[in-house]
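Everything below belongs to work_33.txt, which stores compact mmCIF, C-alpha atoms.
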```txt
# COMPACT_ATOMS: atom_id res chain seq x y z
CA MET W 1 0.00 0.00 0.00
CA SER W 2 1.25 3.44 -0.92
CA LEU W 3 0.98 4.88 2.57
CA PHE W 4 3.41 2.41 4.07
CA SER W 5 5.53 1.34 1.13
CA LYS W 6 8.00 4.19 1.43
CA LEU W 7 8.49 3.85 5.15
CA LYS W 8 11.78 2.36 6.17
CA GLU W 9 12.19 -0.01 9.03
CA LEU W 10 14.50 1.10 11.80
CA LYS W 11 16.74 -1.44 13.42
CA LYS W 12 19.32 -1.13 16.15
CA ASP W 13 22.68 -2.71 15.41
CA ASN W 14 23.84 -2.56 18.98
CA ILE W 15 22.81 -1.59 22.48
CA PRO W 16 25.07 -0.62 25.38
CA VAL W 17 25.54 -3.06 28.25
CA GLU W 18 24.17 -0.38 30.57
CA LEU W 19 20.69 -0.84 29.05
CA LEU W 20 20.56 -4.35 30.53
CA LEU W 21 20.10 -2.72 33.94
CA GLN W 22 16.57 -1.87 32.79
CA SER W 23 15.77 -5.50 32.00
CA PRO W 24 13.38 -7.35 34.32
CA ILE W 25 16.06 -9.65 35.80
CA LYS W 26 17.23 -6.95 38.25
CA LEU W 27 20.94 -7.05 37.58
CA GLN W 28 23.49 -6.04 40.15
CA ILE W 29 26.86 -4.82 38.88
CA LEU W 30 29.98 -6.42 40.36
CA THR W 31 32.61 -4.53 38.37
CA ASP W 32 31.74 -0.90 39.24
CA ASP W 33 31.29 1.08 36.03
CA ILE W 34 33.68 -1.00 33.95
CA GLY W 35 32.51 -2.02 30.48
CA LEU W 36 29.04 -0.51 30.81
CA ASP W 37 29.36 1.19 27.43
CA ASN W 38 30.41 -2.02 25.65
CA ASP W 39 28.25 -2.73 22.63
CA ILE W 40 26.00 -5.77 22.51
CA THR W 41 25.57 -6.70 18.84
CA ASP W 42 23.81 -10.04 19.17
CA LYS W 43 20.41 -10.65 20.74
CA ASN W 44 21.19 -14.27 21.51
CA LEU W 45 22.71 -15.50 24.76
CA TYR W 46 25.60 -17.92 25.22
CA ARG W 47 26.65 -20.41 27.89
CA PRO W 48 30.44 -20.69 27.60
CA GLN W 49 30.82 -24.19 29.03
CA LEU W 50 33.27 -25.52 26.45
CA ALA W 51 35.12 -22.21 26.31
CA LEU W 52 35.73 -22.51 30.06
CA ALA W 53 36.96 -26.05 29.55
CA GLY W 54 39.53 -24.68 27.13
CA TYR W 55 37.92 -25.18 23.71
CA VAL W 56 37.38 -21.74 22.13
CA GLY W 57 36.56 -22.87 18.59
CA LEU W 58 33.04 -21.66 17.68
CA PHE W 59 33.04 -19.55 20.86
CA SER W 60 30.26 -16.94 20.36
CA TYR W 61 32.16 -14.36 22.40
CA GLN W 62 30.17 -11.44 20.96
CA ARG W 63 27.08 -12.64 22.84
CA ILE W 64 26.18 -12.02 26.45
CA GLN W 65 27.83 -14.81 28.43
CA ILE W 66 25.55 -16.50 30.95
CA PHE W 67 27.20 -18.29 33.88
CA GLY W 68 24.73 -20.67 35.50
CA ASN W 69 25.26 -23.45 38.02
CA THR W 70 27.23 -25.57 35.53
CA GLU W 71 29.81 -22.87 34.81
CA ILE W 72 30.16 -21.75 38.43
CA PHE W 73 30.49 -25.28 39.88
CA TYR W 74 32.95 -26.20 37.15
CA LEU W 75 35.08 -23.19 38.10
CA LYS W 76 34.86 -24.23 41.74
CA SER W 77 36.01 -27.74 40.87
CA ILE W 78 39.34 -26.65 39.41
CA THR W 79 42.35 -25.09 41.13
CA LYS W 80 42.89 -21.37 41.51
CA GLU W 81 45.72 -21.38 38.96
CA GLU W 82 43.54 -23.21 36.44
CA ARG W 83 40.69 -20.74 37.05
CA ILE W 84 42.94 -17.80 36.32
CA LYS W 85 44.29 -19.51 33.24
CA THR W 86 40.72 -20.25 32.05
CA PHE W 87 39.69 -16.63 32.52
CA LYS W 88 42.76 -15.28 30.77
CA ASN W 89 41.90 -17.62 27.92
CA ILE W 90 38.32 -16.38 27.44
CA THR W 91 38.95 -12.71 28.16
CA GLN W 92 41.25 -12.42 25.17
CA PHE W 93 37.99 -12.25 23.20
CA PRO W 94 35.95 -9.01 23.21
CA ILE W 95 33.12 -10.27 25.40
CA PRO W 96 30.51 -7.52 26.04
CA CYS W 97 29.52 -8.74 29.51
CA ILE W 98 29.08 -11.72 31.81
CA ILE W 99 25.88 -12.41 33.73
CA LEU W 100 25.87 -14.73 36.73
CA THR W 101 22.55 -16.34 37.64
CA ASN W 102 21.31 -17.74 40.99
CA ASN W 103 23.01 -14.79 42.71
CA HIS W 104 26.42 -16.38 42.13
CA ARG W 105 29.63 -14.36 42.59
CA LEU W 106 33.09 -14.58 41.05
CA GLU W 107 36.31 -14.77 43.04
CA PRO W 108 38.05 -11.36 43.35
CA GLU W 109 40.99 -12.50 41.20
CA LEU W 110 38.60 -13.43 38.36
CA LEU W 111 36.70 -10.15 38.69
CA ASN W 112 40.01 -8.31 38.42
CA ILE W 113 40.82 -10.08 35.16
CA CYS W 114 37.42 -9.02 33.79
CA LYS W 115 38.03 -5.45 34.91
CA GLU W 116 41.43 -5.47 33.27
CA PHE W 117 39.87 -6.53 29.94
CA ASN W 118 36.95 -4.12 30.26
CA ILE W 119 34.23 -6.75 30.67
CA ALA W 120 31.23 -5.93 32.83
CA VAL W 121 30.15 -8.65 35.28
CA MET W 122 26.64 -8.66 36.72
CA THR W 123 24.60 -11.00 38.85
CA THR W 124 20.90 -11.77 39.15
CA GLU W 125 18.80 -13.66 41.68
CA PHE W 126 16.85 -15.43 38.94
CA ASP W 127 17.73 -19.00 38.01
CA THR W 128 19.27 -19.63 34.60
CA THR W 129 16.10 -20.74 32.78
CA LYS W 130 14.07 -17.75 33.99
CA ALA W 131 16.91 -15.32 33.36
CA PHE W 132 17.32 -16.74 29.86
CA THR W 133 13.64 -16.30 29.01
CA LEU W 134 13.29 -12.82 30.48
CA LEU W 135 16.55 -11.54 29.04
CA SER W 136 15.83 -13.04 25.61
CA GLU W 137 12.47 -11.31 25.50
CA PHE W 138 14.05 -8.02 26.59
CA LEU W 139 16.77 -8.26 23.93
CA ASP W 140 14.26 -9.33 21.31
CA ASP W 141 12.37 -6.11 21.97
CA GLN W 142 15.52 -3.97 21.99
CA PHE W 143 16.67 -5.35 18.66
CA ALA W 144 13.17 -5.49 17.13
CA ALA W 145 12.45 -3.82 13.80
CA GLN W 146 10.59 -0.56 14.24
CA LEU W 147 8.45 1.54 11.98
CA VAL W 148 7.47 5.17 12.48
CA VAL W 149 4.00 5.83 11.14
CA HIS W 150 2.09 9.08 10.72
CA GLY W 151 -1.36 8.45 12.15
CA SER W 152 -3.55 8.27 15.25
CA PHE W 153 -3.56 5.15 17.37
CA VAL W 154 -6.55 4.50 19.62
CA ASP W 155 -7.73 1.60 21.76
CA VAL W 156 -11.42 1.15 20.87
CA TYR W 157 -13.16 -1.46 23.07
CA GLY W 158 -9.76 -3.08 23.54
CA VAL W 159 -9.02 -3.24 19.80
CA GLY W 160 -5.99 -1.26 18.62
CA ILE W 161 -7.03 0.86 15.63
CA LEU W 162 -4.54 2.97 13.71
CA PHE W 163 -6.04 5.75 11.60
CA VAL W 164 -3.94 6.80 8.64
CA GLY W 165 -4.55 9.17 5.76
CA ARG W 166 -3.34 12.42 4.23
CA SER W 167 -2.53 15.42 6.42
CA GLY W 168 -5.63 17.33 7.37
CA ILE W 169 -8.11 14.53 6.64
CA GLY W 170 -9.11 14.50 10.32
CA LYS W 171 -7.24 11.66 12.01
CA SER W 172 -6.71 13.60 15.25
CA GLU W 173 -10.31 14.81 15.29
CA ILE W 174 -11.57 11.22 15.07
CA ALA W 175 -9.20 10.21 17.86
CA LEU W 176 -10.48 13.12 19.97
CA ASP W 177 -14.08 12.12 19.34
CA LEU W 178 -13.31 8.53 20.36
CA ILE W 179 -11.60 9.72 23.55
CA GLU W 180 -14.67 11.80 24.35
CA ARG W 181 -16.72 8.61 24.08
CA GLY W 182 -14.49 6.84 26.61
CA HIS W 183 -11.89 5.17 24.41
CA ARG W 184 -8.16 5.46 25.06
CA LEU W 185 -5.48 7.26 23.10
CA VAL W 186 -2.15 5.48 22.58
CA ALA W 187 -0.39 8.02 20.37
CA ASP W 188 -1.18 10.76 17.91
CA ASP W 189 0.77 11.92 14.85
CA VAL W 190 3.94 9.92 15.50
CA VAL W 191 3.28 6.24 16.21
CA MET W 192 6.18 3.85 16.74
CA LEU W 193 5.47 0.24 15.87
CA SER W 194 7.70 -2.62 17.06
CA LYS W 195 7.56 -6.23 16.05
CA LYS W 196 7.18 -8.60 18.96
CA ARG W 197 7.64 -12.39 18.77
CA GLU W 198 7.55 -12.19 14.94
CA THR W 199 3.75 -12.26 14.87
CA ILE W 200 2.41 -9.12 16.49
CA LEU W 201 3.01 -5.40 16.24
CA MET W 202 3.01 -3.23 19.33
CA GLY W 203 2.51 0.52 19.05
CA THR W 204 3.50 3.36 21.34
CA GLY W 205 4.12 7.10 21.16
CA THR W 206 7.40 8.95 21.55
CA SER W 207 8.90 10.03 24.85
CA LEU W 208 8.61 13.72 23.92
CA VAL W 209 5.09 13.80 22.56
CA GLN W 210 3.42 11.23 24.86
CA HIS W 211 -0.25 12.19 24.75
CA PHE W 212 -0.04 15.67 23.32
CA MET W 213 -2.11 16.26 20.22
CA GLU W 214 -2.45 18.96 17.62
CA ILE W 215 -5.91 20.03 16.54
CA ARG W 216 -5.97 22.27 13.48
CA GLY W 217 -7.06 25.77 14.39
CA LEU W 218 -6.72 25.07 18.09
CA GLY W 219 -3.07 24.23 18.61
CA ILE W 220 -1.51 21.72 20.96
CA ILE W 221 -3.55 20.10 23.69
CA ASP W 222 -2.67 17.50 26.34
CA ILE W 223 -5.13 14.61 26.36
CA ARG W 224 -3.85 13.15 29.64
CA GLN W 225 -4.36 16.44 31.50
CA MET W 226 -7.72 17.14 29.89
CA PHE W 227 -9.38 13.73 30.06
CA GLY W 228 -7.40 12.01 32.78
CA ILE W 229 -5.57 8.75 33.13
CA ARG W 230 -8.47 6.61 31.90
CA SER W 231 -8.27 8.27 28.48
CA ILE W 232 -4.75 7.14 27.66
CA ARG W 233 -2.52 4.12 27.53
CA PHE W 234 1.19 3.70 26.81
CA GLN W 235 1.16 0.68 24.52
CA LYS W 236 -1.29 -1.38 22.52
CA ARG W 237 -1.18 -4.20 20.06
CA LEU W 238 -2.05 -3.02 16.54
CA GLU W 239 -5.02 -4.95 15.18
CA ILE W 240 -6.69 -2.84 12.50
CA VAL W 241 -5.46 -0.14 10.14
CA VAL W 242 -8.23 2.22 9.06
CA GLU W 243 -7.21 4.18 6.02
CA LEU W 244 -9.22 7.38 5.60
CA GLU W 245 -9.64 8.51 2.02
CA ASP W 246 -11.41 11.30 0.22
CA TRP W 247 -14.41 9.85 -1.58
CA ASP W 248 -13.41 8.81 -5.07
CA ASP W 249 -16.04 7.53 -7.50
CA SER W 250 -13.52 5.53 -9.50
CA GLN W 251 -12.39 3.52 -6.46
CA HIS W 252 -14.02 0.31 -5.37
CA TYR W 253 -14.93 0.03 -1.71
CA THR W 254 -16.01 -3.27 -0.23
CA ARG W 255 -19.77 -3.67 0.08
CA THR W 256 -19.96 -7.05 1.75
CA GLY W 257 -16.80 -7.37 3.82
CA LEU W 258 -16.09 -10.77 2.25
CA ASP W 259 -13.29 -9.50 0.03
CA GLU W 260 -11.26 -7.88 2.80
CA GLU W 261 -7.55 -8.00 2.18
CA PRO W 262 -5.19 -7.80 5.12
CA LEU W 263 -2.23 -5.47 5.05
CA LYS W 264 1.37 -6.59 5.46
CA LEU W 265 3.31 -4.42 7.85
CA MET W 266 6.83 -5.61 8.67
CA ASP W 267 5.68 -9.06 7.46
CA VAL W 268 2.84 -9.15 9.97
CA GLU W 269 -0.73 -9.39 8.66
CA ILE W 270 -3.01 -6.67 9.95
CA SER W 271 -6.73 -6.19 9.16
CA HIS W 272 -7.22 -3.31 6.81
CA VAL W 273 -10.27 -1.14 6.24
CA ARG W 274 -10.39 1.55 3.57
CA LEU W 275 -12.92 4.13 4.59
CA PRO W 276 -14.07 6.83 2.19
CA ILE W 277 -15.16 9.94 4.06
CA PHE W 278 -17.65 12.62 3.13
CA PRO W 279 -19.60 15.27 4.99
CA GLY W 280 -22.22 13.89 7.32
CA LYS W 281 -20.53 10.54 7.80
CA ASN W 282 -19.91 9.76 11.44
CA ILE W 283 -16.50 8.10 11.39
CA THR W 284 -16.38 7.76 15.16
CA VAL W 285 -19.43 5.50 15.27
CA ILE W 286 -18.11 3.56 12.28
CA ALA W 287 -14.79 3.10 14.10
CA GLU W 288 -16.64 1.66 17.10
CA VAL W 289 -18.56 -0.67 14.81
CA ILE W 290 -15.32 -1.75 13.11
CA ALA W 291 -13.91 -2.63 16.54
CA ILE W 292 -17.00 -4.54 17.65
CA ASN W 293 -17.21 -6.38 14.33
CA TYR W 294 -13.53 -7.32 14.70
CA LEU W 295 -14.26 -8.68 18.18
CA LEU W 296 -17.20 -10.69 16.83
CA ARG W 297 -14.99 -12.18 14.13
CA THR W 298 -12.24 -12.93 16.64
CA TYR W 299 -14.81 -14.80 18.74
CA GLY W 300 -16.10 -16.73 15.74
CA TYR W 301 -18.98 -14.73 14.28
CA ASP W 302 -18.54 -13.20 10.84
CA ALA W 303 -21.70 -11.31 9.88
CA SER W 304 -20.87 -11.18 6.17
CA LYS W 305 -20.29 -14.94 6.04
CA VAL W 306 -23.43 -15.76 8.04
CA PHE W 307 -25.53 -13.55 5.78
CA SER W 308 -24.01 -15.07 2.68
CA GLU W 309 -24.70 -18.61 3.94
CA LYS W 310 -28.32 -17.71 4.71
CA LEU W 311 -28.71 -16.47 1.17
CA ASN W 312 -27.23 -19.66 -0.29
CA GLU W 313 -29.56 -21.78 1.80
CA LYS W 314 -32.58 -19.80 0.60
CA ILE W 315 -31.55 -20.07 -3.04
CA MET W 316 -31.18 -23.84 -2.73
CA LYS W 317 -34.67 -24.22 -1.23
CA ARG W 318 -36.43 -22.28 -3.98
CA THR W 319 -38.56 -24.15 -6.55
CA PRO W 320 -38.28 -22.60 -9.96
CA GLY W 321 -41.37 -20.81 -11.29
CA LYS W 322 -43.09 -20.55 -7.90
CA LYS W 323 -44.09 -17.06 -6.82
CA SER W 324 -42.65 -16.38 -3.41
CA PHE W 325 -43.46 -12.78 -2.61
CA GLN W 326 -45.15 -13.63 0.73
CA GLU W 327 -42.17 -15.68 1.92
CA GLN W 328 -40.01 -12.60 1.94
CA ARG W 329 -41.45 -11.25 5.17
CA MET W 330 -39.60 -12.06 8.35
CA ILE W 331 -42.82 -13.07 10.16
CA THR W 332 -45.65 -15.07 8.67
CA TYR W 333 -48.50 -12.83 9.77
CA PHE W 334 -48.92 -9.74 11.96
CA GLN W 335 -50.73 -10.47 15.21
CA GLY W 336 -51.30 -6.85 16.09
CA ASP W 337 -48.73 -4.76 17.87
CA ASN W 338 -48.23 -7.08 20.84
CA GLU W 339 -44.50 -7.15 20.61
CA MET I 1 5.80 11.54 -9.65
CA GLU I 2 8.76 13.69 -8.69
CA VAL I 3 10.90 12.75 -5.74
CA PHE I 4 13.45 15.20 -4.37
CA GLU I 5 15.87 14.82 -1.51
CA ARG I 6 18.33 17.25 0.03
CA ASP I 7 20.42 17.19 3.19
CA VAL I 8 20.04 20.19 5.45
CA GLU I 9 21.60 21.41 8.67
CA VAL I 10 20.02 23.22 11.59
CA LYS I 11 22.01 26.46 11.88
CA ASN I 12 20.42 28.59 14.56
CA ARG I 13 21.46 28.25 18.19
CA ALA I 14 18.05 27.39 19.61
CA GLY I 15 17.55 24.54 17.14
CA LEU I 16 14.28 23.50 15.54
CA HIS I 17 12.09 24.67 18.42
CA THR I 18 8.36 25.44 18.44
CA ARG I 19 8.37 28.65 16.38
CA PRO I 20 10.50 27.39 13.49
CA ALA I 21 8.66 24.07 13.60
CA ALA I 22 5.39 25.91 13.12
CA GLY I 23 6.98 27.96 10.31
CA LEU I 24 8.27 24.82 8.63
CA VAL I 25 4.91 23.06 8.76
CA LYS I 26 3.20 26.20 7.41
CA LEU I 27 5.61 26.27 4.46
CA ALA I 28 5.26 22.54 3.85
CA ALA I 29 1.47 22.72 3.89
CA LYS I 30 1.53 25.12 0.92
CA PHE I 31 2.67 22.31 -1.35
CA LYS I 32 0.70 19.43 -2.77
CA SER I 33 3.65 17.06 -2.42
CA GLU I 34 4.17 14.91 0.61
CA ILE I 35 7.05 16.26 2.69
CA PHE I 36 9.22 14.15 4.95
CA LEU I 37 12.06 14.91 7.34
CA VAL I 38 14.51 12.19 8.25
CA ARG I 39 16.87 12.06 11.21
CA ASP I 40 18.98 8.90 11.64
CA GLY I 41 16.45 6.87 9.67
CA PHE I 42 13.59 8.19 11.78
CA MET I 43 11.19 9.61 9.21
CA ILE I 44 8.33 11.95 10.07
CA ASN I 45 5.68 13.79 8.11
CA GLY I 46 6.79 17.37 7.46
CA LYS I 47 3.22 18.63 7.55
CA SER I 48 2.69 17.49 11.13
CA ILE I 49 3.89 19.95 13.77
CA ILE I 50 4.03 17.27 16.45
CA GLY I 51 6.07 15.14 14.07
CA VAL I 52 8.56 17.91 13.32
CA MET I 53 8.98 18.67 17.01
CA THR I 54 9.60 14.98 17.72
CA LEU I 55 12.91 15.34 15.89
CA ALA I 56 14.11 17.67 18.69
CA ALA I 57 16.75 18.87 16.22
CA GLU I 58 19.54 20.84 17.89
CA GLN I 59 22.07 23.23 16.35
CA GLY I 60 24.33 21.38 13.92
CA CYS I 61 21.88 18.52 13.49
CA GLN I 62 21.83 16.96 10.01
CA LEU I 63 18.44 16.17 8.51
CA THR I 64 17.27 14.93 5.15
CA LEU I 65 14.40 16.71 3.45
CA ARG I 66 12.34 14.60 1.09
CA ALA I 67 9.40 15.60 -1.06
CA GLU I 68 7.23 13.41 -3.27
CA GLY I 69 4.61 14.81 -5.60
CA PRO I 70 3.92 17.24 -8.41
CA ASP I 71 5.73 20.21 -6.85
CA ALA I 72 8.49 18.29 -5.03
CA GLU I 73 11.40 20.33 -6.36
CA ALA I 74 9.86 23.71 -5.51
CA ALA I 75 8.95 22.42 -2.05
CA VAL I 76 12.45 21.17 -1.29
CA ASN I 77 14.03 24.40 -2.56
CA GLU I 78 11.82 26.59 -0.44
CA LEU I 79 12.33 24.50 2.69
CA VAL I 80 16.10 24.35 2.15
CA GLY I 81 16.01 28.16 2.00
CA TYR I 82 14.22 28.25 5.34
CA PHE I 83 16.86 25.97 6.90
CA ASP I 84 19.69 28.01 5.35
CA SER I 85 18.31 31.22 6.85
CA GLY I 86 18.51 29.57 10.27
CA PHE I 87 14.74 30.02 10.44
CA GLY I 88 15.36 33.78 10.46
CA GLU I 89 17.25 33.53 13.75
CA LEU I 90 20.84 34.01 12.54
```
As a first step, turn the structure in this file into structure tokens.
Amino acid sequence: MSLFSKLKELKKDNIPVELLLQSPIKLQILTDDIGLDNDITDKNLYRPQLALAGYVGLFSYQRIQIFGNTEIFYLKSITKEERIKTFKNITQFPIPCIILTNNHRLEPELLNICKEFNIAVMTTEFDTTKAFTLLSEFLDDQFAAQLVVHGSFVDVYGVGILFVGRSGIGKSEIALDLIERGHRLVADDVVMLSKKRETILMGTGTSLVQHFMEIRGLGIIDIRQMFGIRSIRFQKRLEIVVELEDWDDSQHYTRTGLDEEPLKLMDVEISHVRLPIFPGKNITVIAEVIAINYLLRTYGYDASKVFSEKLNEKIMKRTPGKKSFQEQRMITYFQGDNE
Amino acid sequence: MEVFERDVEVKNRAGLHTRPAAGLVKLAAKFKSEIFLVRDGFMINGKSIIGVMTLAAEQGCQLTLRAEGPDAEAAVNELVGYFDSGFGEL
């Protein structure tokens, strides 16, 4: 689609070790501020068991090195001289950092070697499996592809709807109207989308803009201050893209909903609605209906399919040549206005 | 469709703050073409004031101006002029 085709994905090549302190595994630094600005270039983690044993072929030294029970107890099982030799052997590689799980510590002489080679060492109370999962998810997010989209992103009945369209078509006004009706704004104007677990897109605003919004002719307003905490949220999964267009007679707009084509954004399929606008059309109500209809479909009811099946059934039952005008009515006969 | 791109630099001391951002958006809105500003791969719509302010472009910051549409060249030239004048703050 033209609106998204020219957008370029943003991807981080590296993150500093310091950023790991914000990960959910509550890291504690053991090497003061040494190596905190080392670059992490790989989102995968590594357990250096064979490297500790002396074999450094295929050693993925560029990854974060995780020392779990195996590594720590192995180090404890060898002599002090061997430990130092082992550490001198692995620290010749540019390791970004070492993370010890289960609240393990390293002997001071080993910490000193790490300090000497500018390698940060940190410890966490989590066990290795949990630390692996949490840290992987954190790194996945940090290294995720991102897309900056011009549009308004609103949570409508729990469904994340992104409104896109040309400048001045009224994206912010629709968002404002939805907020007024009790829905929640995620971001306006600058929406940042990140891919999560390869299958979903999460959207958020930017740290500067947060929930500020520009309304033509009015200027900048702050939604959070005006409508309160219940009118905003920080993140939402993107589920539907609503593309607002000026009415164009030559364009075909779906009439049944059966021919809906999803949109591919960063290789993730997202429902896509093209909505022509014209004076007197209440887009806010239509947006609510789009959300509810999406929920119905998610929970197994597709109105366009049900209707279409009813029609097929009726066609099959018809006998050719028979007049059937009376059968068209929903009820057989009117009993008076009882109900 | 014409596509034009030019690199520009923020020259004034205060950077691309609210007043020049408003000026920039006003200029951009005159043109039919779509206008984009790019900073480190982060691309925003040049007709959105919130978008332009998101760049938080300081003095010396390098940006890429991009226009797509029937009047792309004229749009880029006029906007480059606005950048070169330091938004009238030099």
List as a Markdown table every residue of region 163-244 of chain W that is in contact with region 25-44 of chain I, defined as an atom at most 10 Å from one of its atoms (using all atoms listed in the file), together with the nearest atom pair and the distance in Å rounded to one decimal, sorted by chain and then rising number.
```
| residue | atom | partner | partner_atom | distance |
| --- | --- | --- | --- | --- |
| W:Arg166 | CA | I:Glu34 | CA | 8.7 |
| W:Ser167 | CA | I:Ala29 | CA | 8.7 |
| W:Gly168 | CA | I:Ala29 | CA | 9.6 |
| W:Asp189 | CA | I:Ile44 | CA | 8.9 |
| W:Val190 | CA | I:Ile44 | CA | 7.3 |
| W:Val191 | CA | I:Ile44 | CA | 9.8 |
| W:Met192 | CA | I:Phe42 | CA | 9.9 |
```
Margin query: Residues of chain W within 12 Å of chain I, counting only C-alpha atoms - could you list those as a ChimeraX atom specification?
Written below: /W:2-4,6-12,146-152,164-168,171-172,187-192,205-216,219-222
* Test item: residues at most 12 Å from region 22-29 of chain W, all atoms listed in the file, excluding those fewer than 3 positions along its chain, as an MDAnalysis selection string -> chainID W and resid 16:19 32:36 97:106 111 115 119:142
First collect every listed atom of region 115-125 of chain W; then fit an axis-aligned box around them, widen it by 4 Å on each side, and give centre and edge lengths in Å to one decimal, as AutoDock Vina command-line options.
```
--center_x 30.1 --center_y -8.9 --center_z 35.8 --size_x 30.6 --size_y 17.5 --size_z 19.7
```
Who sits within 6 Å of region 68-85 of chain I, only C-alpha atoms, same chain under 3 positions skipped, as a list in words: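 Result of the neighbour search: Met1, Glu2, Val3, Phe4, Ser33, Glu34 and Gly88 of chain I.
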* What is the distance, in Å and to one decimal place, between CA of Arg47 (chain W) and CA of Ile66 (chain W)? ->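 Atom-to-atom, CA of Arg47 (chain W) and CA of Ile66 (chain W) are spaced 5.1 Å apart.
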**Message:** So the first atom is CA of Val241 (chain W) and the second is CA of Arg274 (chain W); what is the distance between them in Å, to one decimal place?
**Reply:**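 One can read the CA of Val241 (chain W) to CA of Arg274 (chain W) distance as 8.4 Å.
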- prompt: Which distance in Å separates CA of Ile240 (chain W) and CA of Tyr294 (chain W), to one decimal?
  reply: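 Answer for the CA of Ile240 (chain W) to CA of Tyr294 (chain W) separation: 8.5 Å.
Shown here are all protein and nucleic acid residues lying within 12 Å of (-13.8, 0.5, -1.6), with all atoms listed in the file considered: Glu243, Leu244, Glu245, Asp246, Trp247, Asp248, Asp249, Ser250, Gln251, His252, Tyr253, Thr254, Arg255, Thr256, Gly257, Asp259, Glu260, Glu261, His272, Val273, Arg274, Leu275, Pro276 and Ile277 of chain W.
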Quick one: residues within 12 Å of (11.5, 26.3, 19.8) (file frame), counting all atoms listed in the file, please, as a list in words.
Asn12, Arg13, Ala14, Gly15, Leu16, His17, Thr18, Arg19, Pro20, Ala21, Ala22, Gly23, Leu24, Ile49, Val52, Met53, Thr54, Leu55, Ala56, Ala57, Glu58, Gln59, Phe87 and Glu89 of chain I
